[in-house]
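Okay, structure first, notes after.
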Amino acid sequence: MQPLVESVFYWSDLFGTAVFAFSGVLVAGRLRMDGFGVIVLAAVTAIGGGTIRDLIIGADNVFWTVDSLYLWVILVTALLGQYIAKLPRRLPWYILPLADAFGLAIFTIIGTDKALSYGTSGMVAVVMGVITGVAGGMIRDVLAREVPMVLQREIYATACIFGGVLYTGSLALGITPLLATLLGMSGTFILRVAAIRWHLSLPAFSLNR
Amino acid sequence: MQPLVESVFYWSDLFGTAVFAFSGVLVAGRLRMDGFGVIVLAAVTAIGGGTIRDLIIGADNVFWTVDSLYLWVILVTALLGQYIAKLPRRLPWYILPLADAFGLAIFTIIGTDKALSYGTSGMVAVVMGVITGVAGGMIRDVLAREVPMVLQREIYATACIFGGVLYTGSLALGITPLLATLLGMSGTFILRVAAIRWHLSLPAFSLNR
Amino acid sequence: MQPLVESVFYWSDLFGTAVFAFSGVLVAGRLRMDGFGVIVLAAVTAIGGGTIRDLIIGADNVFWTVDSLYLWVILVTALLGQYIAKLPRRLPWYILPLADAFGLAIFTIIGTDKALSYGTSGMVAVVMGVITGVAGGMIRDVLAREVPMVLQREIYATACIFGGVLYTGSLALGITPLLATLLGMSGTFILRVAAIRWHLSLPAFSLNR
């Protein structure tokens with residue numbers, strides 16, 4: 001990709017990191033954690049998924065160990081976020097879900113793309129996109145002693161799968177990487193936003209009567 | 001080993017994968033998870049232990065990233081399993097525990113054997129067999145917000161340890177790999193089935209009075 | 001460092017391993033776990049943090065897979081610990097917290113130092129020191145279905161950060177490794193002991209009203 005596109009991509013990734021970190025801050029606040037707990041929940045939410053992905057695909061290194069900017073974004077978000085979260089609400093309610101959907105879209109494509117660059121099959125790459133998008137939030141919920149939200153409610157991971165399949169499928173059809181990226185991100189983002197807007201969710205599988 | 005033996009081994013491994021995945025499906029059903037949650041619980045139960053093992057021994061790759069058949073087995077089990085689990089019971093009750101004991105036996109030996117092939121000591125290899133056999137179920141239980149069953153009830157991990165020690169011990173005594181495998185698997189399987197049949201368990205260690 | 005210093009360091013590490021393992025034994029006892037559960041909780045507490053560190057920095061191997069002495073220390077601690085924990089109290093109450101603070105100090109410096117030796121930045125090295133010191137206890141608490149203690153109470157991880165920053169800062173200033181180690185360990189140890197003695201803790205961040 002061109003340098004400009006790569007640059008847009010990188011800053012979008014950092015933006016997604018901040019959004020995910022902020023969602024960790026909010027959970028920490030509900031549990032009355034101390035300052036360190038806030039940082040940990042921000043960090044696992046923001047970089048937990050990418051870390052697991054890098055370990056499983058055997059990346060040359062875990063991404064945030066060679067680019068400290070991710071840690072700085074988390075640190076600043078954890079500190080500022082505690083004040084922002086306490087402000088009397090001024091932002092419209094839909095800002096945070098929209099930002100989260102954008103973060104989810106970029107994390108998914110980055111994860112899928114990185115797996116492909118390490119030579120995995122398309123199916124494994126889609127799984128890696130999902131892990132990048134949702135595993136951090138799952139660890140956050142486990143630490144907060146909750147059944148991970150993503151396993152029970154709403155179309156969240158499904159949006160990752162959809163975007164990842166669109167992306168790998170587009171590449172397989174010979175579409176340019178830039179267009180495939182836009183398609184994949186749009187797929188995740190639009191499906192996720194639609195799920196929020198119209199309260200879409202998958203049917204629950206229940207063995208209780 | 002001979003090709004035929006290897007082939008039997010491989011299909012047994014896939015069978016164990018399906019059985020473990022199905023146990024994840026059952027837990028997901030109790031928690032009213034959606035379709036994605038079912039797949040995640042099936043996957044972590046079936047390949048979670050082997051994944052941790054491969055990361056810790058520094059395997060050249062995590063096994064399911066280079067052989068997509070494992071993911072397909074999980075996917076099909078997660079989809080079909082939701083219907084099978086809702087059928088009015090027709091199978092005798094002991095089928096599932098027996099299948100699980102068989103899966104445990106094969107996972108244990110595969111994990112122990114893979115660790116040895118990467119040059120670990122016998123003790124570390126036994127630990128890797130145990131991790132392969134029980135870690136996936138532990139992650140499943142943590143995601144379901146339960147204290148892992150394996151830490152509290154019945155002889156489960158103990159059967160892994162027993163089989164792993166039999167296997168490594170047999171190899172150390174110069175017994176052929178095939179016979180050592182049969183010994184190790186039988187050890188795990190029989191001890192596990194005996195524990196189910198006669199409700200054997202280790203004494204609990206309690207600090208409460 | 002000189003052989004004598006290295007030897008002192010190594011035995012201190014094993015001592016810390018035993019202390020951390022014993023804290024796992026105590027949690028297992030509260031949950032009425034069986035013998036295997038006791039060993040697992042002892043092991044994850046004692047070597048869980050170092051394992052995650054070694055995976056993330058891409059160490060040549062996970063430390064305990066090439067030196068079985070760690071596993072033996074855990075095994076012996078898990079077995080003896082069950083009896084020691086049931087003895088009518090004879091030791092003064094402050095022995096265990098002091099031993100734990102010492103273990104925390106040594107784990108922190110070892111983790112920070114190992115990360116630096118793999119070429120990470122100072123910031124990443126401090127994070128690795130924290131992970132080495134606290135991640136094992138976090139996994140222990142998750143398995144015991146508790147919100148990790150370290151996220152909510154007292155100055156624990158903060159002591160790791162303090163010691164790690166002292167250590168990396170001292171090295172950066174050209175202070176000898178031995179002196180930097182003593183400074184870093186003292187920093188963690190003294191801050192942790194002071195927090196226990198005077199009930200210091202970070203303010204909680206709460207979004208509940």
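By convention here, the chains of the structure tokens are called A, B, ... in the order presented, each chain's residues are numbered starting at 1, and ligands are numbered starting at 1 in the order presented.
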
Discussion item. Using only C-alpha atoms and a cut-off of 8 Å, which residues of chain A sit close to chain C? Please list them as a ChimeraX atom specification.
Written reply: /A:26,28-38,40,51,55,61-62,65-66,68,82,85-86,142-145

Item to complete: Just the residues within 12 Å of B:Thr181, please, counting only C-alpha atoms, with nothing from its chain fewer than 4 positions along; format it as an MDAnalysis selection string.
Response: chainID B and resid 1 5:6 9 105:113 163:171 175:177 185:189

Fill in: Test item, helix (DSSP H, G or I) assignment across stretch 109-162 of chain A, answer as a ChimeraX atom specification
/A:109-117,122-143,149-152,157-162

Item to complete: For C:Ile131, work out the shell of residues within 8 Å, counting only C-alpha atoms and skipping chain neighbours fewer than 4 positions away, then give it as a list in words.
Response: Gly49, Gly50, Ile52, Arg53, Gly111, Val127, Ala135 and Gly136 of chain C

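With distances restricted to only C-alpha atoms, A:Ala101 is the closest residue to A:Val193 from A:Arg140, A:Ala101, A:Pro88, A:Gly129.
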
Worksheet item: Counting only C-alpha atoms, what is within 12 Å of A:Val76, bar same-chain residues fewer than 4 positions away, as number ranges by chain?
Response: A: 14, 17-19, 21-22, 25, 38-39, 42-43, 69-72, 80-84

Store the residues picked out above in a file with N, CA, C and O atoms, as an mmCIF file, in the first residue's frame.
```cif
data_model
loop_
_atom_site.group_PDB
_atom_site.id
_atom_site.type_symbol
_atom_site.label_atom_id
_atom_site.label_comp_id
_atom_site.auth_asym_id
_atom_site.auth_seq_id
_atom_site.Cartn_x
_atom_site.Cartn_y
_atom_site.Cartn_z
ATOM 1 N N LEU A 14 -4.161 3.033 16.229
ATOM 2 C CA LEU A 14 -3.938 3.671 17.528
ATOM 3 C C LEU A 14 -5.244 4.239 18.085
ATOM 4 O O LEU A 14 -5.494 4.184 19.295
ATOM 5 N N THR A 17 -7.081 1.422 19.464
ATOM 6 C CA THR A 17 -6.453 1.054 20.729
ATOM 7 C C THR A 17 -6.985 1.913 21.869
ATOM 8 O O THR A 17 -7.307 1.416 22.954
ATOM 9 N N ALA A 18 -7.090 3.221 21.615
ATOM 10 C CA ALA A 18 -7.588 4.130 22.643
ATOM 11 C C ALA A 18 -9.051 3.828 22.977
ATOM 12 O O ALA A 18 -9.445 3.815 24.148
ATOM 13 N N VAL A 19 -9.859 3.559 21.955
ATOM 14 C CA VAL A 19 -11.287 3.284 22.189
ATOM 15 C C VAL A 19 -11.457 2.012 23.009
ATOM 16 O O VAL A 19 -12.209 1.969 23.992
ATOM 17 N N ALA A 21 -9.220 0.641 24.942
ATOM 18 C CA ALA A 21 -8.687 0.892 26.281
ATOM 19 C C ALA A 21 -9.732 1.601 27.138
ATOM 20 O O ALA A 21 -9.916 1.279 28.318
ATOM 21 N N PHE A 22 -10.446 2.545 26.532
ATOM 22 C CA PHE A 22 -11.458 3.281 27.277
ATOM 23 C C PHE A 22 -12.582 2.357 27.742
ATOM 24 O O PHE A 22 -13.114 2.533 28.849
ATOM 25 N N VAL A 25 -11.444 0.946 30.822
ATOM 26 C CA VAL A 25 -11.532 1.920 31.918
ATOM 27 C C VAL A 25 -12.940 1.922 32.512
ATOM 28 O O VAL A 25 -13.123 1.934 33.740
ATOM 29 N N VAL A 38 -7.104 -0.091 36.642
ATOM 30 C CA VAL A 38 -7.605 0.615 35.468
ATOM 31 C C VAL A 38 -6.659 0.421 34.284
ATOM 32 O O VAL A 38 -7.089 0.111 33.167
ATOM 33 N N ILE A 39 -5.370 0.572 34.554
ATOM 34 C CA ILE A 39 -4.385 0.412 33.476
ATOM 35 C C ILE A 39 -4.406 -1.018 32.936
ATOM 36 O O ILE A 39 -4.372 -1.235 31.720
ATOM 37 N N ALA A 42 -7.511 -1.570 30.868
ATOM 38 C CA ALA A 42 -7.367 -0.843 29.601
ATOM 39 C C ALA A 42 -6.417 -1.608 28.672
ATOM 40 O O ALA A 42 -6.697 -1.796 27.477
ATOM 41 N N ALA A 43 -5.319 -2.098 29.230
ATOM 42 C CA ALA A 43 -4.300 -2.756 28.408
ATOM 43 C C ALA A 43 -4.779 -4.092 27.853
ATOM 44 O O ALA A 43 -4.619 -4.366 26.659
ATOM 45 N N LEU A 69 4.477 3.043 21.308
ATOM 46 C CA LEU A 69 3.389 4.008 21.195
ATOM 47 C C LEU A 69 2.066 3.396 21.668
ATOM 48 O O LEU A 69 1.225 4.085 22.260
ATOM 49 N N TYR A 70 1.890 2.101 21.423
ATOM 50 C CA TYR A 70 0.656 1.445 21.886
ATOM 51 C C TYR A 70 0.518 1.545 23.402
ATOM 52 O O TYR A 70 -0.554 1.847 23.927
ATOM 53 N N LEU A 71 1.629 1.292 24.109
ATOM 54 C CA LEU A 71 1.572 1.368 25.571
ATOM 55 C C LEU A 71 1.302 2.798 26.036
ATOM 56 O O LEU A 71 0.575 3.020 27.000
ATOM 57 N N TRP A 72 1.885 3.753 25.339
ATOM 58 C CA TRP A 72 1.645 5.145 25.721
ATOM 59 C C TRP A 72 0.184 5.538 25.521
ATOM 60 O O TRP A 72 -0.407 6.238 26.351
ATOM 61 N N LEU A 80 -6.434 9.778 31.479
ATOM 62 C CA LEU A 80 -7.450 10.761 31.079
ATOM 63 C C LEU A 80 -8.852 10.163 31.171
ATOM 64 O O LEU A 80 -9.805 10.840 31.557
ATOM 65 N N GLY A 81 -8.954 8.906 30.828
ATOM 66 C CA GLY A 81 -10.274 8.259 30.770
ATOM 67 C C GLY A 81 -11.011 8.303 32.093
ATOM 68 O O GLY A 81 -12.241 8.387 32.132
ATOM 69 N N GLN A 82 -10.253 8.239 33.213
ATOM 70 C CA GLN A 82 -10.908 8.269 34.520
ATOM 71 C C GLN A 82 -11.616 9.608 34.751
ATOM 72 O O GLN A 82 -12.643 9.662 35.438
ATOM 73 N N TYR A 83 -11.060 10.676 34.169
ATOM 74 C CA TYR A 83 -11.718 11.974 34.327
ATOM 75 C C TYR A 83 -12.858 12.121 33.337
ATOM 76 O O TYR A 83 -13.960 12.544 33.682
ATOM 77 N N ILE A 84 -12.581 11.711 32.092
ATOM 78 C CA ILE A 84 -13.614 11.826 31.056
ATOM 79 C C ILE A 84 -14.867 11.034 31.457
ATOM 80 O O ILE A 84 -15.995 11.498 31.285
#
```

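Computed from the coordinates, the atom CA of C:Val126 to atom CA of B:Gly48 distance equals 28.9 Å.
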
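Rounded to one decimal, atom CA of C:Leu91 and atom CA of C:Cys160 lie 26.5 Å from each other.
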
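Between atom CA of B:Tyr10 and atom CA of B:Ser23 there is a distance of 20.2 Å.
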